[in-house]
Structure formats: structure tokens, C-alpha cells
$ cat final_6.pdb   # PDB, C-alpha atoms
ATOM      1  CA  MET A  28     -51.189  84.008 158.738  1.00  0.00           C
ATOM      2  CA  THR A  29     -54.254  81.846 159.325  1.00  0.00           C
ATOM      3  CA  LYS A  30     -55.766  79.600 156.696  1.00  0.00           C
ATOM      4  CA  ALA A  31     -58.883  81.787 156.545  1.00  0.00           C
ATOM      5  CA  ILE A  32     -56.851  84.924 155.802  1.00  0.00           C
ATOM      6  CA  LYS A  33     -54.769  83.145 153.138  1.00  0.00           C
ATOM      7  CA  ARG A  34     -57.926  81.773 151.513  1.00  0.00           C
ATOM      8  CA  ARG A  35     -59.535  85.236 151.507  1.00  0.00           C
ATOM      9  CA  LEU A  36     -56.435  86.809 149.922  1.00  0.00           C
ATOM     10  CA  VAL A  37     -56.280  84.101 147.254  1.00  0.00           C
ATOM     11  CA  LEU A  38     -60.001  84.567 146.489  1.00  0.00           C
ATOM     12  CA  GLN A  39     -59.601  88.364 146.262  1.00  0.00           C
ATOM     13  CA  ALA A  40     -56.634  87.994 143.902  1.00  0.00           C
ATOM     14  CA  MET A  41     -58.566  85.535 141.733  1.00  0.00           C
ATOM     15  CA  LEU A  42     -61.590  87.847 141.587  1.00  0.00           C
ATOM     16  CA  ALA A  43     -59.402  90.837 140.736  1.00  0.00           C
ATOM     17  CA  GLY A  44     -57.749  88.817 137.952  1.00  0.00           C
ATOM     18  CA  MET A  45     -61.096  87.735 136.537  1.00  0.00           C
ATOM     19  CA  LEU A  46     -62.342  91.331 136.528  1.00  0.00           C
ATOM     20  CA  GLY A  47     -59.127  92.641 134.999  1.00  0.00           C
ATOM     21  CA  ILE A  48     -58.313  94.687 138.087  1.00  0.00           C
ATOM     22  CA  HIS A  49     -54.687  95.174 139.018  1.00  0.00           C
ATOM     23  CA  LEU A  50     -54.357  95.478 142.756  1.00  0.00           C
ATOM     24  CA  GLY A  51     -52.516  98.639 143.716  1.00  0.00           C
ATOM     25  CA  VAL A  52     -51.911  99.684 140.108  1.00  0.00           C
ATOM     26  CA  GLN A  53     -53.979 102.238 138.261  1.00  0.00           C
ATOM     27  CA  ALA A  54     -53.758 102.290 134.467  1.00  0.00           C
ATOM     28  CA  ALA A  55     -52.552 105.537 132.948  1.00  0.00           C
ATOM     29  CA  GLY A  56     -54.836 107.311 130.511  1.00  0.00           C
ATOM     30  CA  PRO A  57     -54.067 107.809 126.848  1.00  0.00           C
ATOM     31  CA  VAL A  58     -50.747 109.508 126.124  1.00  0.00           C
ATOM     32  CA  ILE A  59     -51.205 112.802 124.293  1.00  0.00           C
ATOM     33  CA  GLU A  60     -48.208 114.707 122.975  1.00  0.00           C
ATOM     34  CA  VAL A  61     -48.743 118.486 122.929  1.00  0.00           C
ATOM     35  CA  TYR A  62     -46.767 120.995 120.849  1.00  0.00           C
ATOM     36  CA  LYS A  63     -47.163 124.505 122.223  1.00  0.00           C
ATOM     37  CA  SER A  64     -45.407 127.805 122.662  1.00  0.00           C
ATOM     38  CA  PRO A  65     -43.490 128.068 125.941  1.00  0.00           C
ATOM     39  CA  HIS A  66     -45.065 131.514 126.436  1.00  0.00           C
ATOM     40  CA  CYS A  67     -48.770 130.644 126.088  1.00  0.00           C
ATOM     41  CA  GLY A  68     -50.846 130.530 129.278  1.00  0.00           C
ATOM     42  CA  CYS A  69     -54.008 129.191 127.640  1.00  0.00           C
ATOM     43  CA  CYS A  70     -52.048 126.245 126.214  1.00  0.00           C
ATOM     44  CA  THR A  71     -50.849 125.407 129.711  1.00  0.00           C
ATOM     45  CA  ALA A  72     -54.434 125.658 130.985  1.00  0.00           C
ATOM     46  CA  TRP A  73     -55.556 123.230 128.231  1.00  0.00           C
ATOM     47  CA  VAL A  74     -52.793 120.798 129.262  1.00  0.00           C
ATOM     48  CA  ASP A  75     -54.081 121.024 132.851  1.00  0.00           C
ATOM     49  CA  HIS A  76     -57.611 120.257 131.546  1.00  0.00           C
ATOM     50  CA  LEU A  77     -56.297 117.131 129.800  1.00  0.00           C
ATOM     51  CA  LYS A  78     -54.462 115.949 132.921  1.00  0.00           C
ATOM     52  CA  ALA A  79     -57.548 116.537 135.080  1.00  0.00           C
ATOM     53  CA  ASN A  80     -59.464 114.317 132.656  1.00  0.00           C
ATOM     54  CA  GLY A  81     -57.107 111.359 132.846  1.00  0.00           C
ATOM     55  CA  PHE A  82     -54.702 111.966 129.970  1.00  0.00           C
ATOM     56  CA  ASP A  83     -50.987 111.329 130.321  1.00  0.00           C
ATOM     57  CA  VAL A  84     -49.611 114.523 128.750  1.00  0.00           C
ATOM     58  CA  LYS A  85     -46.164 114.977 127.236  1.00  0.00           C
ATOM     59  CA  VAL A  86     -45.508 118.668 126.595  1.00  0.00           C
ATOM     60  CA  ASN A  87     -43.142 119.893 123.894  1.00  0.00           C
ATOM     61  CA  ASN A  88     -42.431 123.614 124.007  1.00  0.00           C
ATOM     62  CA  VAL A  89     -41.721 124.686 120.428  1.00  0.00           C
ATOM     63  CA  GLU A  90     -41.300 128.034 118.731  1.00  0.00           C
ATOM     64  CA  MET A  91     -43.678 127.274 115.835  1.00  0.00           C
ATOM     65  CA  PRO A  92     -46.616 125.048 116.841  1.00  0.00           C
ATOM     66  CA  SER A  93     -48.100 125.738 113.393  1.00  0.00           C
ATOM     67  CA  ASP A  94     -45.319 123.595 111.888  1.00  0.00           C
ATOM     68  CA  TYR A  95     -46.826 120.595 113.692  1.00  0.00           C
ATOM     69  CA  ARG A  96     -50.359 121.486 112.579  1.00  0.00           C
ATOM     70  CA  LYS A  97     -49.141 121.390 109.004  1.00  0.00           C
ATOM     71  CA  LYS A  98     -47.115 118.195 109.561  1.00  0.00           C
ATOM     72  CA  PHE A  99     -50.151 116.415 111.045  1.00  0.00           C
ATOM     73  CA  GLY A 100     -52.490 117.465 108.197  1.00  0.00           C
ATOM     74  CA  ILE A 101     -54.754 120.015 109.872  1.00  0.00           C
ATOM     75  CA  PRO A 102     -55.721 122.796 107.411  1.00  0.00           C
ATOM     76  CA  ASP A 103     -54.536 126.308 108.324  1.00  0.00           C
ATOM     77  CA  ASP A 104     -58.167 127.502 108.406  1.00  0.00           C
ATOM     78  CA  PHE A 105     -58.628 125.352 111.513  1.00  0.00           C
ATOM     79  CA  GLY A 106     -55.520 126.644 113.257  1.00  0.00           C
ATOM     80  CA  SER A 107     -55.216 127.569 116.895  1.00  0.00           C
ATOM     81  CA  CYS A 108     -52.352 128.083 119.329  1.00  0.00           C
ATOM     82  CA  HIS A 109     -51.321 124.462 119.962  1.00  0.00           C
ATOM     83  CA  THR A 110     -51.389 121.061 118.286  1.00  0.00           C
ATOM     84  CA  ALA A 111     -51.347 117.579 119.778  1.00  0.00           C
ATOM     85  CA  LYS A 112     -51.119 113.962 118.680  1.00  0.00           C
ATOM     86  CA  VAL A 113     -52.882 111.058 120.392  1.00  0.00           C
ATOM     87  CA  GLN A 114     -53.098 107.484 119.111  1.00  0.00           C
ATOM     88  CA  GLY A 115     -52.449 108.645 115.540  1.00  0.00           C
ATOM     89  CA  TYR A 116     -54.983 111.496 115.602  1.00  0.00           C
ATOM     90  CA  ALA A 117     -54.133 115.204 115.403  1.00  0.00           C
ATOM     91  CA  ILE A 118     -55.826 117.512 117.905  1.00  0.00           C
ATOM     92  CA  GLU A 119     -55.792 121.227 117.089  1.00  0.00           C
ATOM     93  CA  GLY A 120     -56.721 123.904 119.581  1.00  0.00           C
ATOM     94  CA  HIS A 121     -58.929 123.892 122.643  1.00  0.00           C
ATOM     95  CA  VAL A 122     -60.710 120.576 122.055  1.00  0.00           C
ATOM     96  CA  PRO A 123     -62.501 119.316 125.192  1.00  0.00           C
ATOM     97  CA  ALA A 124     -61.111 116.088 126.678  1.00  0.00           C
ATOM     98  CA  ALA A 125     -64.536 114.426 126.396  1.00  0.00           C
ATOM     99  CA  ASP A 126     -64.468 114.852 122.617  1.00  0.00           C
ATOM    100  CA  ILE A 127     -60.954 113.407 122.401  1.00  0.00           C
ATOM    101  CA  LYS A 128     -62.074 110.404 124.453  1.00  0.00           C
ATOM    102  CA  ARG A 129     -65.079 109.956 122.148  1.00  0.00           C
ATOM    103  CA  LEU A 130     -62.772 110.100 119.102  1.00  0.00           C
ATOM    104  CA  LEU A 131     -60.519 107.428 120.593  1.00  0.00           C
ATOM    105  CA  ALA A 132     -63.508 105.213 121.389  1.00  0.00           C
ATOM    106  CA  GLU A 133     -65.181 105.589 117.977  1.00  0.00           C
ATOM    107  CA  LYS A 134     -61.950 105.450 115.937  1.00  0.00           C
ATOM    108  CA  PRO A 135     -63.266 107.129 112.768  1.00  0.00           C
ATOM    109  CA  LYS A 136     -61.155 107.301 109.615  1.00  0.00           C
ATOM    110  CA  ALA A 137     -60.020 110.878 110.116  1.00  0.00           C
ATOM    111  CA  ILE A 138     -57.018 113.112 110.631  1.00  0.00           C
ATOM    112  CA  GLY A 139     -58.366 114.379 113.927  1.00  0.00           C
ATOM    113  CA  LEU A 140     -60.287 117.117 115.709  1.00  0.00           C
ATOM    114  CA  ALA A 141     -59.959 120.896 115.627  1.00  0.00           C
ATOM    115  CA  VAL A 142     -61.355 123.903 117.444  1.00  0.00           C
ATOM    116  CA  PRO A 143     -60.315 126.874 115.289  1.00  0.00           C
ATOM    117  CA  SER A 144     -59.121 130.077 116.906  1.00  0.00           C
ATOM    118  CA  MET A 145     -59.417 130.380 120.680  1.00  0.00           C
ATOM    119  CA  PRO A 146     -63.104 130.566 121.650  1.00  0.00           C
ATOM    120  CA  LEU A 147     -63.923 131.915 125.089  1.00  0.00           C
ATOM    121  CA  GLY A 148     -65.381 129.232 127.314  1.00  0.00           C
ATOM    122  CA  SER A 149     -63.490 126.354 125.704  1.00  0.00           C
ATOM    123  CA  PRO A 150     -61.063 124.377 127.919  1.00  0.00           C
ATOM    124  CA  GLY A 151     -58.098 126.590 128.684  1.00  0.00           C
ATOM    125  CA  MET A 152     -60.015 129.708 127.628  1.00  0.00           C
ATOM    126  CA  GLU A 153     -62.338 129.970 130.613  1.00  0.00           C
ATOM    127  CA  GLY A 154     -63.315 133.515 131.396  1.00  0.00           C
ATOM    128  CA  PRO A 155     -66.118 135.921 132.115  1.00  0.00           C
ATOM    129  CA  ARG A 156     -68.223 134.640 129.206  1.00  0.00           C
ATOM    130  CA  LYS A 157     -68.743 131.591 127.017  1.00  0.00           C
ATOM    131  CA  ASP A 158     -68.993 131.896 123.261  1.00  0.00           C
ATOM    132  CA  PRO A 159     -70.551 129.184 121.127  1.00  0.00           C
ATOM    133  CA  TYR A 160     -68.039 127.058 119.220  1.00  0.00           C
ATOM    134  CA  ASP A 161     -67.753 123.884 117.209  1.00  0.00           C
ATOM    135  CA  VAL A 162     -65.382 120.962 117.385  1.00  0.00           C
ATOM    136  CA  PHE A 163     -64.671 119.831 113.824  1.00  0.00           C
ATOM    137  CA  LEU A 164     -63.811 116.361 112.627  1.00  0.00           C
ATOM    138  CA  VAL A 165     -61.106 116.756 109.987  1.00  0.00           C
ATOM    139  CA  GLN A 166     -61.425 113.886 107.561  1.00  0.00           C
ATOM    140  CA  GLU A 167     -58.712 112.293 105.457  1.00  0.00           C
ATOM    141  CA  ASN A 168     -60.344 113.475 102.207  1.00  0.00           C
ATOM    142  CA  GLY A 169     -59.953 117.101 103.313  1.00  0.00           C
ATOM    143  CA  ARG A 170     -63.583 117.506 104.273  1.00  0.00           C
ATOM    144  CA  THR A 171     -64.726 118.572 107.704  1.00  0.00           C
ATOM    145  CA  SER A 172     -67.903 118.099 109.677  1.00  0.00           C
ATOM    146  CA  ILE A 173     -69.142 119.330 113.030  1.00  0.00           C
ATOM    147  CA  TYR A 174     -68.284 116.709 115.635  1.00  0.00           C
ATOM    148  CA  LYS A 175     -69.822 118.580 118.560  1.00  0.00           C
ATOM    149  CA  HIS A 176     -71.420 121.986 119.005  1.00  0.00           C
ATOM    150  CA  TYR A 177     -71.098 123.928 122.253  1.00  0.00           C
ATOM    151  CA  SER A 178     -73.594 126.702 122.907  1.00  0.00           C
ATOM    152  CA  ALA A 179     -72.980 129.869 124.865  1.00  0.00           C
ATOM    153  CA  THR A 180     -75.036 128.763 127.861  1.00  0.00           C
TER     154      THR A 180
END
$ encode --input "final_6.pdb" --output "C-alpha cells"
Amino acid sequence: MTKAIKRRLVLQAMLAGMLGIHLGVQAAGPVIEVYKSPHCGCCTAWVDHLKANGFDVKVNNVEMPSDYRKKFGIPDDFGSCHTAKVQGYAIEGHVPAADIKRLLAEKPKAIGLAVPSMPLGSPGMEGPRKDPYDVFLVQENGRTSIYKHYSAT
């Protein structure tokens, strides 16, 4: 190897180190642990949505996903068909990956996010139409607020 090539490689490695880039290694996204029924197709579609958006997903097929909703502190009124946990937050239902990423960036004092029921047009529930739906922030004091509204368009 010539001196010029060695110098260029050393300079590239130094630049990568200064920029926090790992050569040849891509950082994995946040790990999200999903608790779902083994028989639910829309839950599997939601998991695929998370993976496509950079999440490292660990799937747990369980008979009663609602047990995990209760364990993680999501009120039954906000129930859906699957529950997840990511960096200490509970995620209930068909919450879009972008909203989970926003939650992780903002780090509010909260239990987590929930999309009650299974609204058409939400991730994993794609179909012939889109219904409006809300993503709720479930707070530690039991209160909820709308975190993001999705219209039918």
C-alpha cells in the first residue's frame, strides 16, 4: 500500500470518528417488544410497519394481549389488539411509527401512546378507505390528550 493510500484511509477513519460514523456498521433502531395474538394478521402488518420504519422488533405471541395492556397501565377504554413496550413507554394499538419516534425524542412524563380500537387506514389496517382517528398520549395521572389527529383524507 502506498503512503498516499494509507494517509487517505487514516484521514477517512479520523473524519468518520469525528462525525460519529461507524464504518461498515449501521446502528439498529429502537427495540420495541410487541405482545400480540399469534392469529392476528393486522398485528403482523403493524409489526412490518415498525420494521420498515427502522424499529428492531421483538414479537411475543401471547394468548391474552390485554393482560399486557393492563400490566403496562393503559386503560381498557383505549384497548386494541396488541400492546408494545419501547424504552419504558407502553404503545397500544395501531400507533404510527412516526408518533412513536416523536414520543421517544420528546420523552414526556407519560405511560405511553394509544390508538383505541382498530381504525381503518392506520398502520396495519390499510384498506379500501381511511377513517379519521386519534393517537392519544396516556399520562401518568390517568388523563389523556390527543397527541396527533389523522384525518380521513
$ resolve_selection --input "final_6.pdb" --expression "the PyMOL selection byres ((chain A and resi 172) around 10)" --output "list in words"
Leu140, Asp161, Val162, Phe163, Leu164, Val165, Gln166, Arg170, Thr171, Ile173, Tyr174 and Lys175 of chain A
$ write_last_selection --input "final_6.pdb" --atoms "C-alpha atoms" --output "PDB file, keeping the file's coordinate frame"
ATOM      1  CA  LEU A 140     -60.287 117.117 115.709  1.00  0.00           C
ATOM      2  CA  ASP A 161     -67.753 123.884 117.209  1.00  0.00           C
ATOM      3  CA  VAL A 162     -65.382 120.962 117.385  1.00  0.00           C
ATOM      4  CA  PHE A 163     -64.671 119.831 113.824  1.00  0.00           C
ATOM      5  CA  LEU A 164     -63.811 116.361 112.627  1.00  0.00           C
ATOM      6  CA  VAL A 165     -61.106 116.756 109.987  1.00  0.00           C
ATOM      7  CA  GLN A 166     -61.425 113.886 107.561  1.00  0.00           C
ATOM      8  CA  ARG A 170     -63.583 117.506 104.273  1.00  0.00           C
ATOM      9  CA  THR A 171     -64.726 118.572 107.704  1.00  0.00           C
ATOM     10  CA  ILE A 173     -69.142 119.330 113.030  1.00  0.00           C
ATOM     11  CA  TYR A 174     -68.284 116.709 115.635  1.00  0.00           C
ATOM     12  CA  LYS A 175     -69.822 118.580 118.560  1.00  0.00           C
TER      13      LYS A 175
END
$ residues_around --input "final_6.pdb" --residues "region 121-133 of chain A" --least-positions-apart "2" --cutoff "10 Å" --atoms "all atoms listed in the file" --output "ChimeraX atom specification"
/A:56-57,59,69-70,72-74,76-82,107-110,113-119,135-137,139-152,161-164,174-175
$ write_last_selection --input "final_6.pdb" --atoms "C-alpha atoms" --output "PDB file, in the coordinates of the input"
ATOM      1  CA  GLY A  56     -54.836 107.311 130.511  1.00  0.00           C
ATOM      2  CA  PRO A  57     -54.067 107.809 126.848  1.00  0.00           C
ATOM      3  CA  ILE A  59     -51.205 112.802 124.293  1.00  0.00           C
ATOM      4  CA  CYS A  69     -54.008 129.191 127.640  1.00  0.00           C
ATOM      5  CA  CYS A  70     -52.048 126.245 126.214  1.00  0.00           C
ATOM      6  CA  ALA A  72     -54.434 125.658 130.985  1.00  0.00           C
ATOM      7  CA  TRP A  73     -55.556 123.230 128.231  1.00  0.00           C
ATOM      8  CA  VAL A  74     -52.793 120.798 129.262  1.00  0.00           C
ATOM      9  CA  HIS A  76     -57.611 120.257 131.546  1.00  0.00           C
ATOM     10  CA  LEU A  77     -56.297 117.131 129.800  1.00  0.00           C
ATOM     11  CA  LYS A  78     -54.462 115.949 132.921  1.00  0.00           C
ATOM     12  CA  ALA A  79     -57.548 116.537 135.080  1.00  0.00           C
ATOM     13  CA  ASN A  80     -59.464 114.317 132.656  1.00  0.00           C
ATOM     14  CA  GLY A  81     -57.107 111.359 132.846  1.00  0.00           C
ATOM     15  CA  PHE A  82     -54.702 111.966 129.970  1.00  0.00           C
ATOM     16  CA  SER A 107     -55.216 127.569 116.895  1.00  0.00           C
ATOM     17  CA  CYS A 108     -52.352 128.083 119.329  1.00  0.00           C
ATOM     18  CA  HIS A 109     -51.321 124.462 119.962  1.00  0.00           C
ATOM     19  CA  THR A 110     -51.389 121.061 118.286  1.00  0.00           C
ATOM     20  CA  VAL A 113     -52.882 111.058 120.392  1.00  0.00           C
ATOM     21  CA  GLN A 114     -53.098 107.484 119.111  1.00  0.00           C
ATOM     22  CA  GLY A 115     -52.449 108.645 115.540  1.00  0.00           C
ATOM     23  CA  TYR A 116     -54.983 111.496 115.602  1.00  0.00           C
ATOM     24  CA  ALA A 117     -54.133 115.204 115.403  1.00  0.00           C
ATOM     25  CA  ILE A 118     -55.826 117.512 117.905  1.00  0.00           C
ATOM     26  CA  GLU A 119     -55.792 121.227 117.089  1.00  0.00           C
ATOM     27  CA  PRO A 135     -63.266 107.129 112.768  1.00  0.00           C
ATOM     28  CA  LYS A 136     -61.155 107.301 109.615  1.00  0.00           C
ATOM     29  CA  ALA A 137     -60.020 110.878 110.116  1.00  0.00           C
ATOM     30  CA  GLY A 139     -58.366 114.379 113.927  1.00  0.00           C
ATOM     31  CA  LEU A 140     -60.287 117.117 115.709  1.00  0.00           C
ATOM     32  CA  ALA A 141     -59.959 120.896 115.627  1.00  0.00           C
ATOM     33  CA  VAL A 142     -61.355 123.903 117.444  1.00  0.00           C
ATOM     34  CA  PRO A 143     -60.315 126.874 115.289  1.00  0.00           C
ATOM     35  CA  SER A 144     -59.121 130.077 116.906  1.00  0.00           C
ATOM     36  CA  MET A 145     -59.417 130.380 120.680  1.00  0.00           C
ATOM     37  CA  PRO A 146     -63.104 130.566 121.650  1.00  0.00           C
ATOM     38  CA  LEU A 147     -63.923 131.915 125.089  1.00  0.00           C
ATOM     39  CA  GLY A 148     -65.381 129.232 127.314  1.00  0.00           C
ATOM     40  CA  SER A 149     -63.490 126.354 125.704  1.00  0.00           C
ATOM     41  CA  PRO A 150     -61.063 124.377 127.919  1.00  0.00           C
ATOM     42  CA  GLY A 151     -58.098 126.590 128.684  1.00  0.00           C
ATOM     43  CA  MET A 152     -60.015 129.708 127.628  1.00  0.00           C
ATOM     44  CA  ASP A 161     -67.753 123.884 117.209  1.00  0.00           C
ATOM     45  CA  VAL A 162     -65.382 120.962 117.385  1.00  0.00           C
ATOM     46  CA  PHE A 163     -64.671 119.831 113.824  1.00  0.00           C
ATOM     47  CA  LEU A 164     -63.811 116.361 112.627  1.00  0.00           C
ATOM     48  CA  TYR A 174     -68.284 116.709 115.635  1.00  0.00           C
ATOM     49  CA  LYS A 175     -69.822 118.580 118.560  1.00  0.00           C
TER      50      LYS A 175
END
$ atom_distance --input "final_6.pdb" --atom1 "CA of Ser64 (chain A)" --atom2 "CA of Lys98 (chain A)"
16.3 Å
$ resolve_selection --input "final_6.pdb" --expression "the PyMOL selection byres ((chain A and resi 178) around 7)" --output "number ranges by chain"
A: 158-160, 176-177, 179-180
$ atom_distance --input "final_6.pdb" --atom1 "CA of Asp83 (chain A)" --atom2 "CA of Lys157 (chain A)"
27.1 Å
$ closest_residue --input "final_6.pdb" --among "A:Pro155, A:Gly106, A:Gly169, A:Gly100" --to "Gly120 (chain A)" --atoms "all atoms listed in the file"
A:Gly106
$ closest_residue --input "final_6.pdb" --among "A:Ile138, A:Ile101, A:Val61, A:Ala111" --to "Asn88 (chain A)" --atoms "only C-alpha atoms"
A:Val61
$ atom_distance --input "final_6.pdb" --atom1 "CA of Met91 (chain A)" --atom2 "CA of Asp104 (chain A)"
16.3 Å
$ resolve_selection --input "final_6.pdb" --expression "the PyMOL selection byres ((chain A and resi 65) around 10)" --output "MDAnalysis selection string"
chainID A and resid 62:64 66:68 70:71 86:90
$ closest_residue --input "final_6.pdb" --among "A:Asp75, A:Val58, A:Lys85, A:Phe99" --to "Glu167 (chain A)" --atoms "all atoms listed in the file"
A:Phe99
$ axis_aligned_box --input "final_6.pdb" --around "region 62-81 of chain A" --padding-each-side "3 Å" --output "JSON"
{"center_x": -51.5, "center_y": 121.4, "center_z": 128.0, "size_x": 22.0, "size_y": 26.2, "size_z": 20.2}
$ decode --input "final_6.pdb" --residues "region 67-142 of chain A" --atoms "C-alpha atoms" --output "mmCIF file, in the first residue's frame"
data_model
loop_
_atom_site.group_PDB
_atom_site.id
_atom_site.type_symbol
_atom_site.label_atom_id
_atom_site.label_comp_id
_atom_site.auth_asym_id
_atom_site.auth_seq_id
_atom_site.Cartn_x
_atom_site.Cartn_y
_atom_site.Cartn_z
ATOM 1 C CA CYS A 67 -53.948 -11.668 14.150
ATOM 2 C CA GLY A 68 -52.992 -10.531 10.645
ATOM 3 C CA CYS A 69 -53.307 -6.804 11.343
ATOM 4 C CA CYS A 70 -50.875 -7.123 14.266
ATOM 5 C CA THR A 71 -48.353 -8.726 11.934
ATOM 6 C CA ALA A 72 -48.906 -5.911 9.423
ATOM 7 C CA TRP A 73 -48.251 -3.341 12.199
ATOM 8 C CA VAL A 74 -45.016 -5.162 13.109
ATOM 9 C CA ASP A 75 -43.991 -4.953 9.436
ATOM 10 C CA HIS A 76 -44.750 -1.189 9.523
ATOM 11 C CA LEU A 77 -42.458 -0.786 12.545
ATOM 12 C CA LYS A 78 -39.641 -2.741 10.886
ATOM 13 C CA ALA A 79 -39.986 -0.711 7.679
ATOM 14 C CA ASN A 80 -39.565 2.414 9.807
ATOM 15 C CA GLY A 81 -36.333 1.355 11.472
ATOM 16 C CA PHE A 82 -37.503 -0.337 14.665
ATOM 17 C CA ASP A 83 -35.886 -3.516 15.933
ATOM 18 C CA VAL A 84 -38.998 -5.560 16.769
ATOM 19 C CA LYS A 85 -39.195 -8.457 19.208
ATOM 20 C CA VAL A 86 -42.517 -10.262 18.807
ATOM 21 C CA ASN A 87 -44.160 -12.191 21.631
ATOM 22 C CA ASN A 88 -47.171 -14.240 20.584
ATOM 23 C CA VAL A 89 -49.463 -14.416 23.613
ATOM 24 C CA GLU A 90 -52.998 -15.631 24.157
ATOM 25 C CA MET A 91 -54.163 -12.520 26.052
ATOM 26 C CA PRO A 92 -52.518 -9.299 24.818
ATOM 27 C CA SER A 93 -54.961 -7.397 27.051
ATOM 28 C CA ASP A 94 -53.060 -8.733 30.082
ATOM 29 C CA TYR A 95 -50.048 -6.700 28.933
ATOM 30 C CA ARG A 96 -52.168 -3.595 28.312
ATOM 31 C CA LYS A 97 -53.318 -3.794 31.906
ATOM 32 C CA LYS A 98 -49.804 -4.557 33.205
ATOM 33 C CA PHE A 99 -48.365 -1.529 31.375
ATOM 34 C CA GLY A 100 -51.074 0.862 32.653
ATOM 35 C CA ILE A 101 -53.129 1.542 29.531
ATOM 36 C CA PRO A 102 -56.839 1.967 30.413
ATOM 37 C CA ASP A 103 -59.211 -0.621 28.911
ATOM 38 C CA ASP A 104 -61.105 2.172 27.115
ATOM 39 C CA PHE A 105 -58.018 2.639 24.939
ATOM 40 C CA GLY A 106 -57.630 -1.048 24.144
ATOM 41 C CA SER A 107 -56.800 -2.538 20.786
ATOM 42 C CA CYS A 108 -55.499 -5.881 19.552
ATOM 43 C CA HIS A 109 -51.827 -5.611 20.559
ATOM 44 C CA THR A 110 -49.605 -3.884 23.100
ATOM 45 C CA ALA A 111 -45.928 -2.985 22.950
ATOM 46 C CA LYS A 112 -43.198 -1.582 25.167
ATOM 47 C CA VAL A 113 -40.372 0.668 23.972
ATOM 48 C CA GLN A 114 -37.867 2.498 26.172
ATOM 49 C CA GLY A 115 -40.248 2.341 29.143
ATOM 50 C CA TYR A 116 -43.323 3.539 27.228
ATOM 51 C CA ALA A 117 -46.422 1.447 26.508
ATOM 52 C CA ILE A 118 -47.773 1.506 22.954
ATOM 53 C CA GLU A 119 -51.344 0.290 22.469
ATOM 54 C CA GLY A 120 -52.832 -0.470 19.085
ATOM 55 C CA HIS A 121 -52.050 0.779 15.609
ATOM 56 C CA VAL A 122 -49.857 3.750 16.545
ATOM 57 C CA PRO A 123 -47.857 5.071 13.563
ATOM 58 C CA ALA A 124 -44.073 4.668 13.831
ATOM 59 C CA ALA A 125 -43.590 8.425 13.357
ATOM 60 C CA ASP A 126 -45.563 9.113 16.534
ATOM 61 C CA ILE A 127 -43.537 6.551 18.486
ATOM 62 C CA LYS A 128 -40.321 8.179 17.265
ATOM 63 C CA ARG A 129 -41.658 11.594 18.312
ATOM 64 C CA LEU A 130 -42.522 10.203 21.767
ATOM 65 C CA LEU A 131 -39.006 8.817 22.168
ATOM 66 C CA ALA A 132 -37.473 12.130 21.095
ATOM 67 C CA GLU A 133 -39.674 14.310 23.328
ATOM 68 C CA LYS A 134 -39.634 11.954 26.339
ATOM 69 C CA PRO A 135 -42.776 13.271 28.069
ATOM 70 C CA LYS A 136 -43.759 12.071 31.536
ATOM 71 C CA ALA A 137 -46.375 9.603 30.353
ATOM 72 C CA ILE A 138 -47.359 5.957 30.282
ATOM 73 C CA GLY A 139 -47.378 5.904 26.504
ATOM 74 C CA LEU A 140 -49.467 6.180 23.353
ATOM 75 C CA ALA A 141 -52.707 4.501 22.316
ATOM 76 C CA VAL A 142 -54.886 4.199 19.241
#
